[in-house]
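S.K.: Following this line is start-v3.txt, made up of compact mmCIF, C-alpha atoms and all ligand atoms:
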# COMPACT_ATOMS: atom_id res chain seq x y z
CA MET A 218 17.18 39.04 30.05
CA LYS A 219 17.14 35.90 28.00
CA TRP A 220 15.13 32.90 26.94
CA VAL A 221 16.25 29.41 26.02
CA GLU A 222 14.33 26.37 24.85
CA ARG A 223 14.78 22.61 25.08
CA GLU A 224 12.83 19.56 24.01
CA PHE A 225 10.75 18.24 26.91
CA GLY A 226 9.05 15.27 25.20
CA HIS A 227 6.45 14.35 22.60
CA TYR A 228 2.68 14.46 22.92
CA HIS A 229 0.80 12.44 20.27
CA GLY A 230 3.78 12.89 17.96
CA GLU A 231 4.10 16.64 18.49
CA PRO A 232 7.23 18.05 20.13
CA VAL A 233 6.75 19.54 23.57
CA ILE A 234 9.16 22.40 24.22
CA GLU A 235 10.15 23.90 27.56
CA TYR A 236 11.05 27.60 27.44
CA THR A 237 13.00 29.18 30.26
CA LEU A 238 12.84 32.95 30.68
CA THR A 239 15.49 34.52 32.92
CA ASN A 240 15.65 38.13 34.09
CA ASN A 241 18.68 40.21 35.11
CA LEU A 242 18.19 39.32 38.80
CA GLY A 243 18.41 35.59 38.16
CA MET A 244 14.68 34.88 38.53
CA SER A 245 13.46 32.38 35.97
CA VAL A 246 10.16 30.98 34.76
CA SER A 247 9.92 27.78 32.73
CA CYS A 248 6.87 26.85 30.72
CA LEU A 249 5.70 24.36 28.12
CA ASN A 250 3.80 24.69 24.85
CA TYR A 251 1.69 21.83 26.35
CA GLY A 252 -1.13 23.58 28.26
CA CYS A 253 0.99 26.78 28.69
CA THR A 254 2.15 24.83 31.74
CA ILE A 255 4.45 26.63 34.16
CA THR A 256 6.92 23.95 35.24
CA LYS A 257 9.17 26.09 37.45
CA ILE A 258 9.39 29.55 38.98
CA ILE A 259 12.80 30.09 40.53
CA VAL A 260 13.13 33.00 42.95
CA PRO A 261 15.51 33.90 45.81
CA ASP A 262 14.77 33.39 49.51
CA ARG A 263 15.88 35.86 52.22
CA HIS A 264 19.48 34.65 51.82
CA GLY A 265 19.42 34.96 48.04
CA LYS A 266 19.08 31.20 47.55
CA LEU A 267 17.35 30.45 44.24
CA GLU A 268 14.69 27.73 44.51
CA ASN A 269 11.54 26.59 42.77
CA VAL A 270 8.26 27.88 44.26
CA VAL A 271 5.69 25.96 42.21
CA LEU A 272 4.82 22.28 42.03
CA GLY A 273 5.80 20.57 38.80
CA PHE A 274 7.30 17.47 37.22
CA ASP A 275 10.54 16.76 35.37
CA THR A 276 8.97 14.72 32.57
CA LEU A 277 6.06 15.10 30.17
CA GLU A 278 4.92 11.55 30.99
CA GLU A 279 4.28 12.59 34.60
CA TYR A 280 2.27 15.62 33.45
CA VAL A 281 0.18 13.43 31.15
CA ASP A 282 -0.32 10.63 33.68
CA PHE A 283 -0.72 12.47 36.99
CA SER A 284 -0.94 16.23 36.75
CA PRO A 285 -3.78 17.80 38.74
CA TYR A 286 -3.47 20.83 36.42
CA PHE A 287 0.00 21.79 37.78
CA GLY A 288 0.85 25.24 36.38
CA SER A 289 -1.44 25.03 33.38
CA VAL A 290 -3.92 27.37 31.79
CA ILE A 291 -7.51 26.34 32.40
CA GLY A 292 -10.24 26.89 29.81
CA ARG A 293 -12.58 27.47 28.21
CA VAL A 294 -14.17 27.70 31.64
CA ALA A 295 -12.35 27.29 34.94
CA GLY A 296 -14.09 25.35 37.70
CA ARG A 297 -17.19 23.19 37.50
CA ILE A 298 -20.32 23.56 35.38
CA LYS A 299 -23.22 21.74 36.99
CA TYR A 300 -24.58 18.78 35.02
CA ALA A 301 -22.16 19.64 32.19
CA ALA A 302 -24.80 21.62 30.35
CA PHE A 303 -25.95 25.17 29.83
CA GLU A 304 -28.36 27.17 27.71
CA LEU A 305 -27.56 30.15 25.51
CA ASP A 306 -30.29 31.94 23.56
CA GLY A 307 -32.65 29.00 23.95
CA VAL A 308 -30.13 26.41 22.70
CA GLU A 309 -28.91 23.73 25.08
CA TYR A 310 -25.20 22.83 24.95
CA LYS A 311 -23.91 19.57 26.38
CA LEU A 312 -20.34 19.58 27.62
CA GLU A 313 -17.92 16.77 28.41
CA ALA A 314 -18.94 15.46 31.86
CA ASN A 315 -15.34 14.72 32.88
CA GLU A 316 -16.21 14.83 36.59
CA PHE A 317 -19.46 12.98 36.15
CA PRO A 318 -22.14 14.33 36.10
CA ASN A 319 -20.40 17.72 36.00
CA HIS A 320 -17.87 19.46 33.76
CA LEU A 321 -14.50 20.45 35.29
CA HIS A 322 -11.76 22.81 34.07
CA GLY A 323 -12.72 22.81 30.39
CA GLY A 324 -13.44 19.11 29.96
CA ARG A 325 -11.66 15.88 29.16
CA LYS A 326 -9.16 17.67 26.95
CA GLY A 327 -9.22 21.27 28.08
CA PHE A 328 -6.66 23.96 27.26
CA ASP A 329 -4.26 22.36 29.77
CA LYS A 330 -3.88 19.33 27.45
CA ARG A 331 -3.52 21.18 24.14
CA ILE A 332 -0.36 22.02 22.25
CA TRP A 333 -0.19 25.78 21.83
CA LYS A 334 1.69 27.74 19.16
CA THR A 335 4.45 29.78 20.73
CA GLU A 336 6.50 32.82 19.89
CA PRO A 337 9.26 34.36 22.03
CA VAL A 338 8.79 38.03 22.90
CA GLU A 339 11.68 40.35 23.74
CA GLN A 340 11.08 43.81 25.17
CA VAL A 341 13.46 46.39 26.65
CA ASP A 342 12.81 45.33 30.22
CA ALA A 343 10.99 42.03 29.83
CA VAL A 344 11.16 38.68 28.11
CA GLY A 345 8.24 36.40 27.38
CA ILE A 346 6.35 33.80 25.40
CA ARG A 347 3.17 34.38 23.44
CA PHE A 348 0.88 31.34 23.25
CA THR A 349 -1.91 31.05 20.70
CA TYR A 350 -4.54 28.40 20.18
CA LEU A 351 -7.64 28.13 18.01
CA SER A 352 -10.31 26.18 19.85
CA PRO A 353 -12.73 24.93 17.16
CA ASP A 354 -16.50 25.27 17.32
CA GLY A 355 -17.89 22.38 19.38
CA GLU A 356 -14.64 21.56 21.20
CA GLU A 357 -15.56 19.85 24.49
CA GLY A 358 -19.14 20.91 23.67
CA TYR A 359 -18.69 24.70 23.61
CA PRO A 360 -20.05 26.82 20.74
CA GLY A 361 -17.95 29.13 18.55
CA ASN A 362 -14.46 29.12 17.11
CA LEU A 363 -12.43 30.73 19.85
CA GLU A 364 -9.02 32.33 19.22
CA ILE A 365 -6.97 32.58 22.39
CA ASN A 366 -3.82 34.59 22.85
CA ILE A 367 -1.91 34.41 26.14
CA LEU A 368 1.25 36.31 26.98
CA TYR A 369 3.64 35.32 29.78
CA LEU A 370 6.04 38.18 30.44
CA LEU A 371 8.86 38.21 32.97
CA SER A 372 10.20 41.63 34.02
CA ASN A 373 13.34 42.79 35.79
CA THR A 374 11.24 43.56 38.88
CA ASN A 375 10.65 39.82 39.49
CA GLU A 376 7.16 40.03 38.11
CA LEU A 377 5.51 37.47 35.87
CA SER A 378 2.43 38.84 34.15
CA ILE A 379 -0.13 36.73 32.37
CA THR A 380 -2.40 38.47 29.88
CA TYR A 381 -5.30 36.56 28.39
CA GLU A 382 -7.16 37.61 25.24
CA ALA A 383 -9.84 35.80 23.30
CA LYS A 384 -12.24 36.35 20.44
CA THR A 385 -15.11 34.20 19.22
CA ASP A 386 -17.26 34.00 16.08
CA ARG A 387 -20.35 32.84 18.05
CA LYS A 388 -21.63 33.60 21.50
CA THR A 389 -19.76 31.35 23.95
CA LEU A 390 -18.48 31.07 27.53
CA ILE A 391 -15.03 31.99 28.76
CA ASN A 392 -13.33 32.07 32.16
CA LEU A 393 -9.57 31.55 31.97
CA THR A 394 -7.08 31.11 34.79
CA ASN A 395 -3.69 29.66 35.61
CA HIS A 396 -3.59 26.68 37.97
CA SER A 397 -0.12 27.01 39.53
CA TYR A 398 0.37 25.43 42.94
CA PHE A 399 2.59 27.79 44.94
CA ASN A 400 4.92 26.63 47.67
CA LEU A 401 7.15 29.48 48.84
CA SER A 402 9.29 27.27 51.10
CA GLY A 403 11.37 26.47 47.99
CA ASN A 404 11.89 23.05 46.38
CA VAL A 405 8.89 21.69 48.35
CA LYS A 406 10.75 21.70 51.68
CA ARG A 407 7.60 22.26 53.72
CA ASP A 408 3.91 22.22 52.89
CA CYS A 409 1.66 25.28 52.52
CA THR A 410 0.08 25.14 56.00
CA GLU A 411 2.40 27.85 57.40
CA HIS A 412 1.81 30.18 54.46
CA ILE A 413 0.02 33.41 55.34
CA LEU A 414 -2.61 34.74 52.98
CA GLN A 415 -3.94 38.28 52.97
CA LEU A 416 -6.62 39.72 50.70
CA ASP A 417 -9.47 42.17 50.98
CA SER A 418 -12.59 40.06 50.72
CA GLU A 419 -15.71 40.10 52.83
CA ARG A 420 -17.67 37.31 51.17
CA PHE A 421 -17.18 33.89 49.69
CA LEU A 422 -19.34 31.42 47.78
CA GLU A 423 -20.90 28.51 49.64
CA LEU A 424 -20.19 25.17 47.94
CA GLY A 425 -22.44 22.13 47.76
CA TYR A 426 -21.35 18.48 48.20
CA ASP A 427 -20.29 18.49 44.50
CA LEU A 428 -17.96 21.51 45.13
CA ILE A 429 -20.19 23.71 42.96
CA PRO A 430 -21.50 27.06 44.27
CA THR A 431 -25.00 26.70 45.70
CA GLY A 432 -25.73 30.36 44.91
CA LYS A 433 -25.53 31.39 48.54
CA ILE A 434 -22.97 34.08 49.39
CA ILE A 435 -21.54 33.88 52.92
CA GLU A 436 -20.04 36.72 55.00
CA SER A 437 -16.42 35.88 55.91
CA LYS A 438 -16.31 37.84 59.16
CA ASN A 439 -15.61 35.60 62.17
CA THR A 440 -14.94 32.59 59.95
CA PRO A 441 -11.67 31.00 58.68
CA PHE A 442 -12.48 32.73 55.36
CA ASP A 443 -11.63 36.18 56.71
CA PHE A 444 -8.17 36.96 55.27
CA ASN A 445 -8.36 40.73 55.68
CA GLN A 446 -5.74 40.82 58.44
CA GLY A 447 -3.73 37.90 57.07
CA ARG A 448 -4.30 34.30 58.15
CA LEU A 449 -2.30 31.07 58.22
CA LEU A 450 -3.70 28.55 55.76
CA LYS A 451 -3.64 25.88 58.44
CA SER A 452 -6.46 27.66 60.27
CA GLY A 453 -8.84 26.51 57.51
CA ILE A 454 -7.18 23.12 57.19
CA LYS A 455 -7.70 22.37 60.90
CA SER A 456 -11.03 24.18 61.13
CA SER A 457 -14.38 22.67 62.09
CA HIS A 458 -16.27 25.09 59.82
CA PRO A 459 -18.60 22.89 57.73
CA GLN A 460 -17.39 24.54 54.49
CA ASN A 461 -13.76 23.63 55.30
CA ILE A 462 -14.71 20.06 56.19
CA LEU A 463 -16.90 19.66 53.10
CA VAL A 464 -14.00 20.21 50.67
CA GLY A 465 -11.73 17.68 52.40
CA ASN A 466 -10.43 19.86 55.27
CA GLY A 467 -9.12 23.04 53.78
CA TYR A 468 -10.15 25.58 51.18
CA ASP A 469 -11.52 25.08 47.67
CA HIS A 470 -13.57 28.25 47.60
CA PRO A 471 -14.18 31.33 45.47
CA LEU A 472 -13.37 34.39 47.60
CA LEU A 473 -15.02 37.54 46.25
CA PHE A 474 -12.84 40.63 46.14
CA ALA A 475 -14.08 43.58 48.16
CA LYS A 476 -13.72 46.14 45.42
CA LYS A 477 -14.27 46.37 41.68
CA GLY A 478 -11.24 46.73 39.40
CA GLU A 479 -7.75 45.71 40.53
CA ASN A 480 -7.23 43.73 43.71
CA THR A 481 -4.16 42.27 45.35
CA ILE A 482 -3.45 39.05 47.18
CA THR A 483 -0.36 38.56 49.36
CA LEU A 484 1.02 35.13 50.11
CA SER A 485 4.06 34.77 52.34
CA GLU A 486 6.08 32.20 54.20
CA LYS A 487 8.10 33.41 57.17
CA GLU A 488 10.82 30.79 57.24
CA SER A 489 12.00 31.31 53.65
CA GLY A 490 11.26 35.04 53.77
CA ARG A 491 9.53 34.84 50.41
CA SER A 492 6.35 36.72 49.47
CA LEU A 493 4.21 36.78 46.40
CA ILE A 494 1.91 39.66 45.55
CA ILE A 495 -0.73 38.87 42.95
CA THR A 496 -2.59 41.71 41.26
CA THR A 497 -5.64 40.90 39.19
CA ASP A 498 -8.58 42.48 37.40
CA GLN A 499 -10.74 39.39 37.99
CA PRO A 500 -13.67 39.47 40.45
CA CYS A 501 -12.64 36.45 42.54
CA VAL A 502 -9.88 34.04 43.45
CA VAL A 503 -10.47 30.34 43.99
CA LEU A 504 -8.32 29.36 46.94
CA TYR A 505 -7.46 25.65 46.79
CA THR A 506 -5.12 24.22 49.42
CA SER A 507 -4.53 20.98 47.46
CA ASN A 508 -6.82 18.96 49.70
CA GLN A 509 -6.86 16.09 47.18
CA LEU A 510 -3.24 16.02 46.08
CA SER A 511 -2.18 12.64 47.43
CA GLY A 512 -1.57 10.13 44.63
CA PRO A 513 0.92 7.61 43.24
CA PHE A 514 3.53 10.18 42.22
CA SER A 515 6.26 12.40 43.61
CA ILE A 516 6.96 16.08 43.20
CA ALA A 517 10.66 16.98 43.18
CA GLY A 518 11.31 13.75 45.04
CA VAL A 519 8.61 14.38 47.64
CA PRO A 520 5.78 11.80 47.62
CA ALA A 521 2.53 13.59 46.78
CA ARG A 522 0.46 14.47 49.81
CA ASN A 523 -2.25 16.96 50.58
CA TYR A 524 -1.38 20.62 51.29
CA LEU A 525 1.90 20.60 49.37
CA GLY A 526 0.84 23.63 47.39
CA VAL A 527 -1.72 26.40 47.29
CA CYS A 528 -3.56 27.49 44.15
CA LEU A 529 -4.75 31.07 43.81
CA GLU A 530 -6.90 30.89 40.71
CA THR A 531 -7.93 34.42 39.75
CA GLN A 532 -11.06 34.17 37.64
CA GLY A 533 -14.76 34.88 37.12
CA LEU A 534 -17.17 33.12 39.48
CA PRO A 535 -17.48 29.34 38.97
CA ASP A 536 -20.69 28.05 37.40
CA ALA A 537 -21.68 31.66 36.62
CA ILE A 538 -23.80 30.50 33.69
CA HIS A 539 -26.29 28.97 36.15
CA HIS A 540 -26.40 31.99 38.47
CA PRO A 541 -27.86 35.15 36.92
CA ASN A 542 -26.65 37.18 39.94
CA PHE A 543 -22.96 36.28 39.22
CA PRO A 544 -21.02 38.45 36.73
CA SER A 545 -21.52 37.10 33.22
CA ILE A 546 -18.86 34.91 31.56
CA ILE A 547 -20.55 35.07 28.16
CA LEU A 548 -18.36 36.30 25.30
CA ASN A 549 -20.09 37.90 22.32
CA PRO A 550 -18.54 37.93 18.83
CA GLU A 551 -18.33 41.72 18.85
CA ASP A 552 -16.32 41.77 22.09
CA VAL A 553 -12.76 40.84 23.09
CA TYR A 554 -12.07 38.98 26.33
CA GLN A 555 -9.09 40.56 28.08
CA SER A 556 -7.69 39.98 31.52
CA THR A 557 -4.34 40.31 33.30
CA THR A 558 -2.97 38.77 36.48
CA ARG A 559 0.52 39.69 37.71
CA TYR A 560 2.67 37.68 40.12
CA ARG A 561 5.47 39.63 41.79
CA PHE A 562 7.95 37.88 44.05
CA PHE A 563 9.83 39.37 46.99
CA SER A 564 12.53 37.89 49.19
CA ASN A 565 11.43 39.61 52.37
CA THR A 566 8.08 38.76 53.93
CA ILE A 567 5.54 41.51 53.55
CA GLY A 568 2.73 42.37 55.92
CA VAL A 569 3.52 39.72 58.54
C1 LIG B 601 -9.16 23.11 41.83
C2 LIG B 601 -10.34 22.72 42.61
C3 LIG B 601 -10.83 21.39 42.44
C4 LIG B 601 -9.96 20.36 41.85
C5 LIG B 601 -8.79 20.85 41.08
C6 LIG B 601 -7.66 19.94 40.84
O1 LIG B 601 -9.36 24.19 41.02
O2 LIG B 601 -11.37 23.64 42.58
O3 LIG B 601 -11.64 20.94 43.45
O4 LIG B 601 -9.76 19.28 42.57
O5 LIG B 601 -8.50 22.14 41.09
Starting from the file, give its structure as structure tokens.

M.R.:
Amino acid sequence: MKWVEREFGHYHGEPVIEYTLTNNLGMSVSCLNYGCTITKIIVPDRHGKLENVVLGFDTLEEYVDFSPYFGSVIGRVAGRIKYAAFELDGVEYKLEANEFPNHLHGGRKGFDKRIWKTEPVEQVDAVGIRFTYLSPDGEEGYPGNLEINILYLLSNTNELSITYEAKTDRKTLINLTNHSYFNLSGNVKRDCTEHILQLDSERFLELGYDLIPTGKIIESKNTPFDFNQGRLLKSGIKSSHPQNILVGNGYDHPLLFAKKGENTITLSEKESGRSLIITTDQPCVVLYTSNQLSGPFSIAGVPARNYLGVCLETQGLPDAIHHPNFPSIILNPEDVYQSTTRYRFFSNTIGV
């Protein structure tokens, strides 16, 4: 197991470093102190060929100019907050309305655009990076000084675990996730339409025209949102279900896990033979099939187009602060926020 670092660029005068963690099987994960951004995850296919399975850029300039949150940590609150405002204990807080009139993924300068302090971590069977950041009271409109501590750990079983911890000195909101776009074909050879997704979920959140939950919870049975038996992502991309059409033909939806506690998600692609099993303690996963990815940039030489990657954002329910029936995302000063999501890669397709 080892880690190496190299200079990746400069952001407002501060050095941006890329760390590469490599395990004894040759799997590697590269990440930046800018946004805790995962730039590469290199894993073998069925023939042992090592290729990158996430979307990313080669330069910091491209991240700054174009990145739709490729690989980064999202916070303080993932997803959208309607009208960029909320009330806590009778006080109204106004947030940055960076997707006017709403707030998206932590604001204009969320955690994905911050330089984090880093510290390499070496364990007997794992190597990692610890990221820390102090988000000051009022940042992007949120109350409380928030101390965040995130650990990326790569093991010798081809598992990357991400552990999030946070503490505040005033009541605030928190809902952290990682926004990696997976593409198991390797080096963006094919898009994500032939990826198969399996997870135990019987319900998903209906979205409004602004992509914010309406509050209605829909049963997935007999819809393209039923992934219990495994389903090709293209079935939702080509579907005539109004919820698929609404988000730009595809998925951009919070799927609610069937059970409390730990849940697993399996993503696989037959042709490469690669699978990814995600285990999380979060109550939902936002499935986003990159329906709005096209833009004036390329990814590993491939011109950006929709469906090149799939995001599986494990998190609390979006806009929970406006829905008393959703699990709370309020963090009190006497509590510690703690959550772990693990990503384990296999080079033989599972469950297909
Ligand atoms: C996802 C989606 C959004 C958005 C973005 C880049 O999390 O929920 O709709 O476009 O990321």

S.K.: Around (-8.5, 17.7, 49.4) in the file's frame, which residues reach within 9 Å when counting only C-alpha atoms? Return as a PDB file with C-alpha atoms, in the frame of the given file?

M.R.:
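Okay, out-v8.pdb is ready:
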ATOM      1  CA  VAL A 464     -14.000  20.210  50.670  1.00  0.00           C
ATOM      2  CA  GLY A 465     -11.730  17.680  52.400  1.00  0.00           C
ATOM      3  CA  ASN A 466     -10.430  19.860  55.270  1.00  0.00           C
ATOM      4  CA  GLY A 467      -9.120  23.040  53.780  1.00  0.00           C
ATOM      5  CA  TYR A 468     -10.150  25.580  51.180  1.00  0.00           C
ATOM      6  CA  ASP A 469     -11.520  25.080  47.670  1.00  0.00           C
ATOM      7  CA  TYR A 505      -7.460  25.650  46.790  1.00  0.00           C
ATOM      8  CA  THR A 506      -5.120  24.220  49.420  1.00  0.00           C
ATOM      9  CA  SER A 507      -4.530  20.980  47.460  1.00  0.00           C
ATOM     10  CA  ASN A 508      -6.820  18.960  49.700  1.00  0.00           C
ATOM     11  CA  GLN A 509      -6.860  16.090  47.180  1.00  0.00           C
ATOM     12  CA  LEU A 510      -3.240  16.020  46.080  1.00  0.00           C
ATOM     13  CA  SER A 511      -2.180  12.640  47.430  1.00  0.00           C
ATOM     14  CA  ASN A 523      -2.250  16.960  50.580  1.00  0.00           C
ATOM     15  CA  TYR A 524      -1.380  20.620  51.290  1.00  0.00           C
TER      16      TYR A 524
END

S.K.: Measure the distance from CA of Gly243 (chain A) to CA of Ile494 (chain A) in Å and round it to one decimal.

M.R.: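 Going from CA of Gly243 (chain A) over to CA of Ile494 (chain A), I get 18.5 Å.
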
S.K.: Given the choices A:Phe474, A:Tyr236, A:Phe287, A:Phe225, which gets closest to ligand LIG 601 (chain B) if the distance is worked out from all atoms listed in the file?

M.R.: A:Phe287

S.K.: Just checking: using all atoms listed in the file, which residue out of A:Glu382, A:Glu278, A:Asp329, A:Glu231 ends up closest to ligand LIG 601 (chain B)?

M.R.: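 The closest residue to ligand LIG 601 (chain B) is A:Asp329.
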
S.K.: Show me which residues are within 10 Å of ligand LIG 601 (chain B) counting all atoms listed in the file, and format the list as number ranges by chain.

M.R.: A: 284-287, 291, 295-297, 316, 321-322, 394-398, 427-429, 464-465, 468-471, 503-510, 527-530, 535

S.K.: For CA of Ile516 (chain A) and CA of Thr410 (chain A), quote the distance in Å rounded to one decimal.

M.R.: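 Computed distance, CA of Ile516 (chain A) to CA of Thr410 (chain A), equals 17.1 Å.
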
S.K.: Write out as a list in words the residues lying within 10 Å of Val281 (chain A), counting only C-alpha atoms and excluding same-chain residues fewer than 6 positions away.

M.R.: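 Here the answer would be Tyr228, Tyr251 and Lys330 of chain A.
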
S.K.: From the list A:Gln446, A:Ser515, A:Ser245, A:Asn392, which residue is nearest Val290 (chain A) when using only C-alpha atoms?

M.R.: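 Of A:Gln446, A:Ser515, A:Ser245, A:Asn392, the one nearest Val290 (chain A) is A:Asn392, counting only C-alpha atoms.
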
S.K.: Of the candidates A:Asp386, A:Asp498, A:Glu339, A:Glu488, which one gets nearest to Leu368 (chain A) if we count all atoms listed in the file?

M.R.: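 Closest to Leu368 (chain A), using all atoms listed in the file: A:Glu339.
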
S.K.: So what do you get for CA of Gln532 (chain A) versus CA of Lys406 (chain A), distance-wise?

M.R.: 28.8 Å
